[in-house]
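Have a look at start-v6.csv below; it lists CSV, C-alpha atoms.
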chain,number,residue,atom,x,y,z
Y,193,MET,CA,0.0,0.0,0.0
Y,194,PHE,CA,1.3,3.4,-0.9
Y,195,ARG,CA,2.1,5.7,2.1
Y,196,HIS,CA,3.5,9.2,2.5
Y,197,ASN,CA,6.3,9.9,4.9
Y,198,PRO,CA,7.9,13.2,5.9
Y,199,LEU,CA,10.5,13.0,3.1
Y,200,ARG,CA,7.8,12.5,0.5
Y,201,TYR,CA,5.7,15.4,1.8
Y,202,GLY,CA,8.8,17.6,1.9
Y,203,THR,CA,9.8,16.6,-1.7
Y,204,LEU,CA,6.3,17.2,-3.0
Y,205,ALA,CA,6.2,20.7,-1.3
Y,206,LEU,CA,9.6,21.6,-2.8
Y,207,LEU,CA,8.5,20.4,-6.3
Y,208,PHE,CA,5.3,22.3,-6.1
Y,209,ALA,CA,7.0,25.5,-4.8
Y,210,GLY,CA,9.6,25.2,-7.5
Y,211,ALA,CA,6.9,24.9,-10.2
Y,212,VAL,CA,4.9,27.8,-8.9
Y,213,TYR,CA,8.1,30.0,-8.6
Y,214,ALA,CA,9.1,29.0,-12.2
Y,215,ALA,CA,5.6,29.8,-13.5
Y,216,PHE,CA,5.8,33.4,-12.2
Y,217,ALA,CA,9.5,34.1,-12.6
Y,218,ALA,CA,10.4,32.4,-15.9
Y,219,GLY,CA,10.3,33.9,-19.3
Y,220,TYR,CA,8.6,32.4,-22.3
Y,221,PHE,CA,11.2,29.7,-22.9
Y,222,GLY,CA,11.3,28.8,-19.2
Y,223,LEU,CA,7.5,28.4,-19.2
Y,224,GLU,CA,7.7,26.1,-22.2
Y,225,ILE,CA,10.2,23.9,-20.4
Y,226,LEU,CA,8.0,23.9,-17.3
Y,227,ILE,CA,5.0,22.8,-19.2
Y,228,GLU,CA,7.1,20.0,-20.9
Y,229,ILE,CA,8.1,18.8,-17.4
Y,230,LEU,CA,4.5,18.8,-16.1
Y,231,VAL,CA,3.2,16.9,-19.1
Y,232,LEU,CA,6.0,14.3,-18.8
Y,233,ALA,CA,5.3,14.1,-15.1
Y,234,MET,CA,1.7,13.1,-15.7
Y,235,LEU,CA,2.8,10.4,-18.2
Y,236,VAL,CA,5.4,8.9,-15.8
Y,237,LEU,CA,2.9,9.0,-13.0
Y,238,ALA,CA,0.6,6.8,-15.0
Y,239,ILE,CA,3.4,4.4,-15.8
Y,240,ASP,CA,4.6,4.2,-12.2
Y,241,MET,CA,1.0,3.2,-11.2
Y,242,VAL,CA,1.2,0.0,-13.3
Y,243,ALA,CA,4.9,-0.7,-13.3
Y,244,GLY,CA,5.9,0.3,-9.8
Y,245,PHE,CA,2.9,-1.1,-8.0
Y,246,GLY,CA,1.7,-3.8,-10.4
Y,247,GLY,CA,4.8,-5.1,-12.0
Y,248,MET,CA,3.4,-4.3,-15.5
Y,249,VAL,CA,6.2,-2.6,-17.4
Y,250,SER,CA,4.3,-0.9,-20.2
Y,251,LEU,CA,5.7,0.3,-23.5
Y,252,CYS,CA,2.3,1.6,-24.8
Y,253,HIS,CA,1.7,4.5,-22.5
Y,254,GLY,CA,3.3,6.9,-24.9
Y,255,ALA,CA,0.8,5.7,-27.5
Y,256,LEU,CA,-2.0,6.2,-25.0
Y,257,LEU,CA,-0.8,9.8,-24.6
Y,258,GLY,CA,-0.9,10.1,-28.4
Y,259,VAL,CA,-4.4,8.6,-28.4
Y,260,GLY,CA,-5.6,11.3,-25.9
Y,261,ALA,CA,-4.0,14.0,-28.0
Y,262,TYR,CA,-5.6,12.8,-31.3
Y,263,ALA,CA,-9.0,12.1,-29.7
Y,264,TYR,CA,-9.1,15.6,-28.3
Y,265,SER,CA,-7.9,17.2,-31.5
Y,266,MET,CA,-10.2,15.3,-33.8
Y,267,LEU,CA,-13.2,16.1,-31.7
Y,268,ALA,CA,-12.3,19.7,-31.3
Y,269,VAL,CA,-11.1,20.4,-34.8
Y,270,LYS,CA,-12.8,18.0,-37.2
Y,271,VAL,CA,-16.1,17.4,-35.3
Y,272,GLY,CA,-16.4,20.8,-33.8
Y,273,VAL,CA,-17.1,19.6,-30.2
Y,274,ALA,CA,-16.6,22.2,-27.5
Y,275,ALA,CA,-13.1,22.0,-26.0
Y,276,PRO,CA,-14.2,20.9,-22.4
Y,277,VAL,CA,-16.4,18.2,-23.8
Y,278,ALA,CA,-13.7,17.1,-26.2
Y,279,MET,CA,-11.2,16.9,-23.4
Y,280,VAL,CA,-13.5,14.8,-21.2
Y,281,ALA,CA,-14.3,12.5,-24.1
Y,282,ALA,CA,-10.6,12.1,-25.0
Y,283,ILE,CA,-9.8,11.1,-21.4
Y,284,GLY,CA,-12.6,8.6,-21.4
Y,285,ILE,CA,-11.6,7.1,-24.8
Y,286,THR,CA,-8.0,6.7,-23.7
Y,287,GLY,CA,-9.0,5.1,-20.4
Y,288,ALA,CA,-11.3,2.6,-22.2
Y,289,LEU,CA,-8.6,1.7,-24.7
Y,290,ALA,CA,-6.1,1.3,-21.9
Y,291,TRP,CA,-8.5,-1.0,-20.1
Y,292,ILE,CA,-8.9,-3.2,-23.2
Y,293,ILE,CA,-5.1,-3.4,-23.6
Y,294,GLY,CA,-4.7,-4.2,-19.9
Y,295,ALA,CA,-7.4,-7.0,-20.1
Y,296,VAL,CA,-5.7,-8.6,-23.1
Y,297,CYS,CA,-2.2,-8.4,-21.7
Y,298,ALA,CA,-3.1,-9.2,-18.1
Y,299,ARG,CA,-2.4,-12.9,-18.5
Y,300,THR,CA,1.2,-12.4,-19.7
Y,301,HIS,CA,4.2,-11.6,-17.5
Y,302,GLY,CA,7.6,-10.2,-17.8
Y,303,ILE,CA,9.1,-9.7,-21.3
Y,304,TYR,CA,5.9,-11.1,-22.8
Y,305,PHE,CA,3.8,-8.3,-21.2
Y,306,ILE,CA,6.4,-5.7,-22.4
Y,307,MET,CA,6.3,-7.0,-25.9
Y,308,ALA,CA,2.5,-7.2,-26.0
Y,309,THR,CA,2.1,-3.6,-24.9
Y,310,LEU,CA,4.8,-2.6,-27.4
Y,311,ALA,CA,2.8,-4.3,-30.2
Y,312,PHE,CA,-0.4,-2.4,-29.2
Y,313,GLY,CA,1.5,0.9,-29.2
Y,314,GLN,CA,3.0,0.3,-32.6
Y,315,MET,CA,-0.3,-0.8,-34.0
Y,316,ALA,CA,-1.8,2.5,-32.8
Y,317,TYR,CA,1.1,4.4,-34.3
Y,318,SER,CA,0.8,2.7,-37.7
Y,319,TYR,CA,-2.9,3.3,-37.8
Y,320,ILE,CA,-2.7,7.0,-37.1
Y,321,PHE,CA,0.3,7.3,-39.5
Y,322,GLU,CA,-1.4,5.6,-42.4
Y,323,THR,CA,-5.0,7.0,-42.0
Y,324,PRO,CA,-5.5,10.2,-44.1
Y,325,VAL,CA,-8.3,11.5,-41.8
Y,326,PHE,CA,-5.7,12.0,-39.0
Y,327,GLY,CA,-3.4,14.0,-41.3
Y,328,GLY,CA,-0.9,11.2,-41.8
Y,329,ASP,CA,2.8,12.2,-41.5
Y,330,ASP,CA,1.8,15.9,-41.8
Y,331,GLY,CA,-0.1,15.8,-38.5
Y,332,LEU,CA,-2.9,18.0,-37.4
Y,333,GLY,CA,-2.8,21.7,-36.5
Y,334,GLY,CA,-5.2,24.5,-35.5
Y,335,ILE,CA,-5.9,22.8,-32.1
Y,336,PRO,CA,-7.8,25.0,-29.7
Y,337,ARG,CA,-7.1,25.4,-26.0
Y,338,LEU,CA,-9.7,25.4,-23.3
Y,339,ASP,CA,-11.6,28.6,-23.0
Y,340,LEU,CA,-11.4,29.7,-19.3
Y,341,SER,CA,-12.3,33.3,-19.9
Y,342,ALA,CA,-15.5,32.8,-17.9
Y,343,VAL,CA,-13.4,32.5,-14.7
Y,344,GLY,CA,-11.0,35.3,-15.8
Y,345,LEU,CA,-8.2,33.0,-17.2
Y,346,GLU,CA,-6.6,33.3,-20.6
Y,347,THR,CA,-5.1,29.9,-21.5
Y,348,MET,CA,-3.4,31.3,-24.6
Y,349,ASP,CA,-1.1,33.0,-22.1
Y,350,SER,CA,1.9,30.7,-21.4
Y,351,ARG,CA,2.0,31.5,-17.7
Y,352,THR,CA,-1.7,30.8,-17.2
Y,353,PHE,CA,-1.5,27.6,-19.2
Y,354,ALA,CA,1.5,26.5,-17.1
Y,355,LEU,CA,-0.5,27.0,-13.9
Y,356,PHE,CA,-3.4,25.2,-15.5
Y,357,THR,CA,-1.1,22.2,-16.3
Y,358,LEU,CA,0.3,22.3,-12.8
Y,359,ALA,CA,-3.2,22.1,-11.4
Y,360,ALA,CA,-3.9,19.1,-13.7
Y,361,LEU,CA,-0.8,17.3,-12.4
Y,362,VAL,CA,-1.8,17.9,-8.8
Y,363,LEU,CA,-5.2,16.3,-9.5
Y,364,CYS,CA,-3.5,13.4,-11.3
Y,365,TYR,CA,-1.2,12.8,-8.3
Y,366,PHE,CA,-4.0,12.7,-5.8
Y,367,PHE,CA,-6.1,10.5,-8.1
Y,368,ALA,CA,-3.2,8.0,-8.3
Y,369,VAL,CA,-2.7,8.1,-4.5
Y,370,ALA,CA,-6.5,7.5,-4.0
Y,371,VAL,CA,-6.4,4.5,-6.4
Y,372,LEU,CA,-3.3,2.9,-4.8
Y,373,ARG,CA,-4.7,3.4,-1.3
Y,374,SER,CA,-8.1,1.8,-2.3
Y,375,GLY,CA,-8.9,-1.9,-2.1
Y,376,LEU,CA,-8.1,-2.1,-5.8
Y,377,GLY,CA,-4.6,-0.7,-5.2
Y,378,ARG,CA,-3.9,-3.0,-2.3
Y,379,SER,CA,-5.1,-5.9,-4.5
Y,380,LEU,CA,-2.8,-4.8,-7.3
Y,381,VAL,CA,0.2,-4.9,-4.9
Y,382,GLY,CA,-0.9,-8.3,-3.7
Y,383,VAL,CA,-1.1,-9.6,-7.3
Y,384,MET,CA,2.4,-8.3,-8.0
Y,385,GLN,CA,3.8,-10.0,-4.9
Y,386,SER,CA,2.0,-13.4,-5.4
Y,387,GLU,CA,-0.5,-13.7,-8.2
Y,388,GLN,CA,-1.1,-17.4,-7.4
Y,389,ARG,CA,-1.9,-16.6,-3.8
Y,390,MET,CA,-4.4,-13.8,-4.7
Y,391,ARG,CA,-6.0,-16.1,-7.3
Y,392,ALA,CA,-6.4,-18.8,-4.6
Y,393,LEU,CA,-8.1,-16.3,-2.4
Y,394,GLY,CA,-10.8,-15.9,-5.1
Y,395,LEU,CA,-9.5,-12.6,-6.7
Y,396,VAL,CA,-10.0,-12.2,-10.4
Y,397,THR,CA,-6.4,-11.0,-11.0
Y,398,TRP,CA,-6.7,-10.1,-14.7
Y,399,ARG,CA,-9.6,-7.8,-13.8
Y,400,VAL,CA,-7.5,-6.0,-11.1
Y,401,LYS,CA,-4.7,-5.5,-13.6
Y,402,ALA,CA,-7.1,-4.3,-16.3
Y,403,ASP,CA,-8.9,-1.9,-14.0
Y,404,VAL,CA,-5.7,-0.2,-12.8
Y,405,PHE,CA,-4.3,-0.1,-16.3
Y,406,GLY,CA,-7.5,1.6,-17.5
Y,407,LEU,CA,-7.3,4.1,-14.6
Y,408,SER,CA,-3.7,4.9,-15.5
Y,409,GLY,CA,-4.8,5.4,-19.1
Y,410,LEU,CA,-7.1,8.2,-17.9
Y,411,ILE,CA,-4.0,10.1,-16.6
Y,412,ALA,CA,-2.2,9.4,-19.9
Y,413,GLY,CA,-5.2,10.7,-21.9
Y,414,LEU,CA,-5.3,13.9,-19.9
Y,415,ALA,CA,-1.5,14.4,-20.5
Y,416,GLY,CA,-2.1,13.8,-24.2
Y,417,ALA,CA,-5.0,16.3,-24.4
Y,418,ILE,CA,-2.9,19.0,-22.6
Y,419,SER,CA,0.1,18.2,-24.8
Y,420,ALA,CA,-2.0,18.8,-27.9
Y,421,GLN,CA,-3.2,22.2,-26.4
Y,422,HIS,CA,0.4,23.1,-25.5
Y,423,ILE,CA,1.9,22.8,-28.9
Y,424,LEU,CA,-1.3,23.4,-30.8
Y,425,TYR,CA,-0.1,20.7,-33.3
Y,426,ILE,CA,0.2,16.9,-33.1
Y,427,SER,CA,1.9,14.3,-35.3
Y,428,PRO,CA,2.2,10.5,-35.2
Y,429,GLY,CA,5.5,10.8,-33.5
Y,430,LEU,CA,3.6,11.2,-30.2
Y,431,LEU,CA,2.6,7.5,-30.5
Y,432,ASN,CA,6.1,6.2,-31.2
Y,433,TRP,CA,7.4,3.6,-28.8
Y,434,THR,CA,10.4,5.8,-28.1
Y,435,VAL,CA,8.0,8.1,-26.1
Y,436,SER,CA,7.1,5.2,-23.9
Y,437,GLY,CA,10.8,4.1,-23.6
Y,438,GLU,CA,11.9,7.6,-22.7
Y,439,ALA,CA,9.1,7.9,-20.0
Y,440,LEU,CA,10.2,4.5,-18.6
Y,441,VAL,CA,13.8,5.7,-18.4
Y,442,VAL,CA,12.5,8.7,-16.4
Y,443,VAL,CA,10.6,6.5,-14.0
Y,444,ILE,CA,13.7,4.3,-13.4
Y,445,LEU,CA,15.8,7.5,-13.1
Y,446,GLY,CA,13.5,9.0,-10.5
Y,447,GLY,CA,12.5,5.9,-8.5
Y,448,LEU,CA,10.2,3.1,-9.4
Y,449,GLY,CA,7.2,2.5,-7.1
Y,450,THR,CA,7.4,5.7,-5.2
Y,451,LEU,CA,5.1,8.1,-7.2
Y,452,VAL,CA,7.2,11.0,-6.0
Y,453,GLY,CA,10.4,9.7,-7.6
Y,454,PRO,CA,9.1,9.9,-11.2
Y,455,LEU,CA,8.1,13.5,-10.6
Y,456,VAL,CA,11.7,14.2,-9.6
Y,457,GLY,CA,12.9,12.2,-12.6
Y,458,ALA,CA,10.8,14.2,-15.0
Y,459,ALA,CA,12.2,17.5,-13.7
Y,460,ALA,CA,15.8,16.2,-13.7
Y,461,PHE,CA,15.4,14.6,-17.2
Y,462,VAL,CA,14.0,17.6,-19.0
Y,463,LEU,CA,16.3,20.1,-17.3
Y,464,LEU,CA,19.3,17.9,-18.1
Y,465,LYS,CA,18.2,17.5,-21.7
Y,466,HIS,CA,18.0,21.2,-22.3
Y,467,GLN,CA,21.2,22.1,-20.4
Y,468,VAL,CA,23.3,19.4,-22.0
Y,469,SER,CA,21.9,20.0,-25.5
Y,470,GLU,CA,23.2,23.5,-25.3
Y,471,VAL,CA,26.7,22.1,-25.1
Y,472,THR,CA,26.5,19.0,-27.3
Y,473,PRO,CA,23.8,17.3,-29.5
Y,474,TYR,CA,24.7,14.0,-27.8
Y,475,TRP,CA,22.6,14.6,-24.7
Y,476,HIS,CA,21.2,11.1,-25.0
Y,477,LEU,CA,24.7,9.7,-24.3
Y,478,VAL,CA,25.0,11.7,-21.1
Y,479,THR,CA,21.5,10.6,-20.0
Y,480,GLY,CA,22.4,7.0,-20.8
Y,481,LEU,CA,25.6,7.2,-18.7
Y,482,ILE,CA,23.6,8.6,-15.8
Y,483,LEU,CA,21.0,5.8,-16.1
Y,484,ILE,CA,23.7,3.2,-16.2
Y,485,ALA,CA,25.3,4.6,-13.1
Y,486,VAL,CA,21.9,4.6,-11.3
Y,487,VAL,CA,21.2,1.0,-12.2
Y,488,MET,CA,24.8,-0.2,-11.4
Y,489,SER,CA,24.5,1.5,-8.0
Y,490,ARG,CA,21.5,-0.7,-7.2
Y,491,ALA,CA,19.7,2.3,-5.9
Y,492,ASN,CA,16.0,2.8,-6.8
Y,493,GLY,CA,16.7,5.9,-8.8
Y,494,ILE,CA,17.6,9.4,-7.6
Y,495,TYR,CA,14.8,9.8,-5.1
Y,496,GLY,CA,15.0,6.1,-4.0
Y,497,PHE,CA,18.6,6.6,-3.1
Y,498,ILE,CA,17.8,9.7,-1.0
Y,499,GLU,CA,14.8,7.9,0.6
Y,500,ASP,CA,16.9,4.9,1.6
Y,501,ARG,CA,19.6,7.1,3.2
Y,502,PHE,CA,16.8,9.1,5.0
Y,503,ALA,CA,15.2,5.9,6.3
Y,504,GLY,CA,18.7,4.6,7.4
Y,505,ARG,CA,19.4,7.7,9.4
Y,506,LEU,CA,16.0,7.5,11.1
Y,507,THR,CA,16.6,3.9,12.0
Y,508,ALA,CA,20.0,4.7,13.4
Y,509,LYS,CA,18.6,7.6,15.5
Y,510,ALA,CA,15.9,5.3,16.8
Y,511,ARG,CA,18.5,2.7,17.9
Y,512,LYS,CA,20.6,5.4,19.7
Y,513,SER,CA,17.5,6.9,21.4
Y,514,PRO,CA,17.3,6.1,25.2
Y,515,ASP,CA,13.7,5.2,24.8
Y,516,ALA,CA,14.6,2.5,22.3
Y,517,THR,CA,16.9,0.8,24.8
Y,518,VAL,CA,14.2,0.5,27.5
Y,519,PRO,CA,12.2,-2.4,25.9
Y,520,ALA,CA,15.5,-4.2,25.2
Y,521,LYS,CA,16.6,-4.0,28.8
Y,522,GLU,CA,13.1,-5.0,30.1
Y,523,ALA,CA,13.3,-8.0,27.7
Y,524,GLN,CA,16.7,-9.0,29.1
Y,525,ASN,CA,15.5,-8.7,32.7
Y,526,ALA,CA,12.4,-10.8,31.9

As structure tokens, how would this structure be written, given the file I've shared?
Amino acid sequence: MFRHNPLRYGTLALLFAGAVYAAFAAGYFGLEILIEILVLAMLVLAIDMVAGFGGMVSLCHGALLGVGAYAYSMLAVKVGVAAPVAMVAAIGITGALAWIIGAVCARTHGIYFIMATLAFGQMAYSYIFETPVFGGDDGLGGIPRLDLSAVGLETMDSRTFALFTLAALVLCYFFAVAVLRSGLGRSLVGVMQSEQRMRALGLVTWRVKADVFGLSGLIAGLAGAISAQHILYISPGLLNWTVSGEALVVVILGGLGTLVGPLVGAAAFVLLKHQVSEVTPYWHLVTGLILIAVVMSRANGIYGFIEDRFAGRLTAKARKSPDATVPAKEAQNA
């Protein structure tokens, strides 16, 4: 079961404060980077739900983000549906598709699950790429943003849109926490630890996996709809497997199975990419070396390493505390 601790609360507060500060202090380019971080954070949050707490390493969540972007854009541009309705519909469509993928792949494990999700993602990519109504390789432009003028907000302003995206990420985080703390989330963790045992207890394990996969798809769909509104243009490249692979790297870099770690990883990855790319075009090489170092150190990502050290210090302090020695002495006297 997912739990918060003081370090996680503190990290979340620092991340939120940093995002708010950047939203008000940064210029246009800085706001674009901030929005990129926030959208990536939503995607990796969705992946961590299924991979970190369910053992379902997915290579189709990038495609789900693309489905959300295309669903929103097609409804808003081609069909003429109002942006709020198109956004809700896009999230629902993506969640439903994710549930179907989860249900089909739920009976596979390990590398077979990874390859099955990769196949679904590539099928979606090929379909969008080869279907003229979606714009093919040329993509689709003229995508509208949500009209929030009724509440005094102008989403075409980058600062306002960044704050809107931050609010969406906060909602996604609390949604993920609520799912993982629910009976469904506890069942998912039980399935990851021992699927045979949970099945013996009468649990329909494939349904648990499919339900959580579908719920994570809702977050990916929201990230896709916001991504489309951010750039005001989409292309089939959003559905490519490399998007999922990059997001999975971010999850591992930040800390798998922590929810907070992937948020740290998203910020570190995007900032590192832009900083290193100013010096050399081979920023992927630098990122790869850092990822190798993280894996070889056997630490659970950047945040996982910090959390382990934090927990170790608390344990050491507890052992040195005079109160902690009292039960031991009483046990010896008994």

Report task. Figure out the distance between CA of Val343 in chain Y and CA of Ala214 in chain Y, please, to one decimal in Å. Result -> 22.9 Å

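For the residues Y:Thr479, Y:Val249, Y:Ile306, Y:Gly416, ranking by smallest atom-to-atom distance to Leu431 in chain Y using all atoms listed in the file places Y:Gly416 first.
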
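Each of Y:Met241, Y:Leu235, Y:Leu464, Y:Arg389 was checked against Leu477 in chain Y using only C-alpha atoms; the smallest atom-to-atom distance is that of Y:Leu464.
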
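Straight-line separation from CA of Gly328 in chain Y to CA of Val296 in chain Y: 27.7 Å.
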
Report task. Can you pull out every residue within 9 Å of Ser250 in chain Y, counting all atoms listed in the file, but drop anything in the same chain fewer than 3 positions away, and send it as a ChimeraX atom specification? Result -> /Y:239,242-243,253,305-310,436-437,440

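Computed from the coordinates, the CA of Ala458 in chain Y to CA of Ile482 in chain Y distance equals 14.0 Å.
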
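With distances taken from (15.4, 9.6, -13.1) and restricted to all atoms listed in the file, the residues inside 7 Å are Val441, Val442, Val443, Ile444, Leu445, Gly446, Gly447, Pro454, Val456, Gly457, Ala458, Ala460, Phe461, Gly493 and Ile494 of chain Y.
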
Query raised in the report: Using only C-alpha atoms, what residues lie at most 12 Å away from (0.8, -11.4, -8.6) (file coordinates), given as a PyMOL selection string?
Result: chain Y and resi 245-248+298-302+378-393+395-398+400-401

Query - Nearby residues (all atoms listed in the file) at most 10 Å from Phe326 in chain Y, same-chain spacing under 4 positions excluded, as JSON, numbers by chain - result: {"Y": [262, 263, 265, 266, 270, 319, 320, 321, 322, 330, 331, 332, 426, 427, 428]}

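Taking all atoms listed in the file, the non-local environment of range 201-209 of chain Y within 9 Å (same-chain residues fewer than 3 positions away omitted) comprises His196, Asn197, Pro198, Val212, Tyr213, Ala214, Leu358, Val362, Val452, Leu455, Val456 and Ala459 of chain Y.
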
Report task. Find the residues near Ser350 in chain Y: any atom within 7 Å, counting all atoms listed in the file, skip ones fewer than 4 places away on the same chain, and give them as number ranges by chain. Result -> Y: 220, 223, 354

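Considering the residues Y:Gly260, Y:Thr352, Y:Val478, Y:Asn492 and counting only C-alpha atoms, His466 in chain Y has its shortest atom-to-atom contact with Y:Val478.
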
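Each of Y:Ala295, Y:Ala288, Y:Leu199, Y:Ile227 was checked against Leu407 in chain Y using only C-alpha atoms; the smallest atom-to-atom distance is that of Y:Ala288.
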
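Ranking Y:Ala359, Y:Leu372, Y:Leu345, Y:Ala412 by their shortest atom-to-atom distance to Met193 in chain Y, with only C-alpha atoms included, puts Y:Leu372 first.
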
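When all atoms listed in the file are used to measure the gap to Ala420 in chain Y, the shortest distance among Y:Gly333, Y:Gly377, Y:Gly394, Y:Pro324 belongs to Y:Gly333.
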